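Below is one structure, written out as structure tokens, with a few remarks after it.
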Amino acid sequence: MNAPERSLSFLLDEDAGEVKCVYTADTKVANAGTFRFNKEDHTIANLFRMQLLRDPSVRFAGYYHPHPLVHHINLKIQTNNSNVAPVEVLSSAIEDLSNETDHLITQFQEAMENWKRENDADMTGQF
């Protein structure tokens with residue numbers, strides 16, 4: 001079959017020196033830059049974009065995935081002023097997403113414990 005190996009779409013080639021993220025400052029637009037995330041797709045890119053757009057210091061955040069067989073995305077960020085760099089707002093967005101994920105996990109675990117407690121009491125009386 002003439003298909004690329006599936007692991008090439010998600011495993012970094014560390015022997016060739018492939019890194020997860022590369023930042024390139026924009027030379028034409030002030031306070032802007034492009035992050036290239038290797039071995040990522042729309043899932044993480046859209047999460048980053050939506051979180052970045054919640055930040056009032058971000059003027060523009062967008063991404064593009066060049067081709068389905070190319071396993072990287074480019075995330076462009078422009079901030080409102082020179083006091084805040086694109087690297088800083090992306091770092092803040094990642095931290096915020098991590099906190100939201102932790103909160104979601106905690107809420108889910110609490111809901112599962114409550115459900116088990118309520119349903120264990122109901123089920124023990126049935127048998």
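Order determines the names: the first chain of the structure tokens is A, the second B, and so forth; residues in each chain are numbered 1 upward, and ligands are numbered 1 upward as they are shown.
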Subject >> Those in chain A with strand (DSSP E or B) from DSSP, as a PyMOL selection string >> reply: chain A and resi 21-25+32-38+58-64+72-79
Subject >> Within 8 Å of range 22-36 of chain A using only C-alpha atoms, minus same-chain residues under 4 positions, as a count of residues only >> reply: 14
Subject >> Backbone DSSP call of alpha helix (DSSP H) for chain A, listed as an MDAnalysis selection string >> reply: chainID A and resid 42:54 86:126
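Close contacts of Leu90 in chain A, defined as residues with an atom at most 10 Å away when counting only C-alpha atoms, with chain neighbours fewer than 2 positions off set aside, comprise Phe35, Phe48, Arg49, Gln51, Leu52, Asp55, Val58, Ala61, Leu75, Ile77, Ala85, Pro86, Val87, Glu88, Ser92, Ala93, Ile94, Glu95 and Asp96 of chain A.
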Subject >> 12 Å contact set for His65 in chain A, only C-alpha atoms, chain neighbours under 2 positions out, as a list in words >> reply: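 Here the qualifying residues turn out to be Arg36, Phe37, Asn38, Lys39, Glu40, Asp41, His42, Thr43, Ile44, Ala45, Asn46, Gly62, Tyr63, His67, Pro68, Leu69, Val70, His71, His72, Ile73, Asn74, Leu75 and Lys76 of chain A.
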**OP:** Provide the CA of His103 in chain A to CA of Leu11 in chain A distance in Å, to one decimal place.
**Re:**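 Between CA of His103 in chain A and CA of Leu11 in chain A the gap is 28.5 Å.
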Subject >> A:Ala111, A:Val89, A:Leu8, A:Val19 ranked by distance to Arg54 in chain A, top pick (using only C-alpha atoms) >> reply: A:Val89
**OP:** Report the distance between CA of Leu53 in chain A and CA of Phe10 in chain A in Å, rounded to one decimal place.
**Re:**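 These atoms are spaced 26.5 Å apart.
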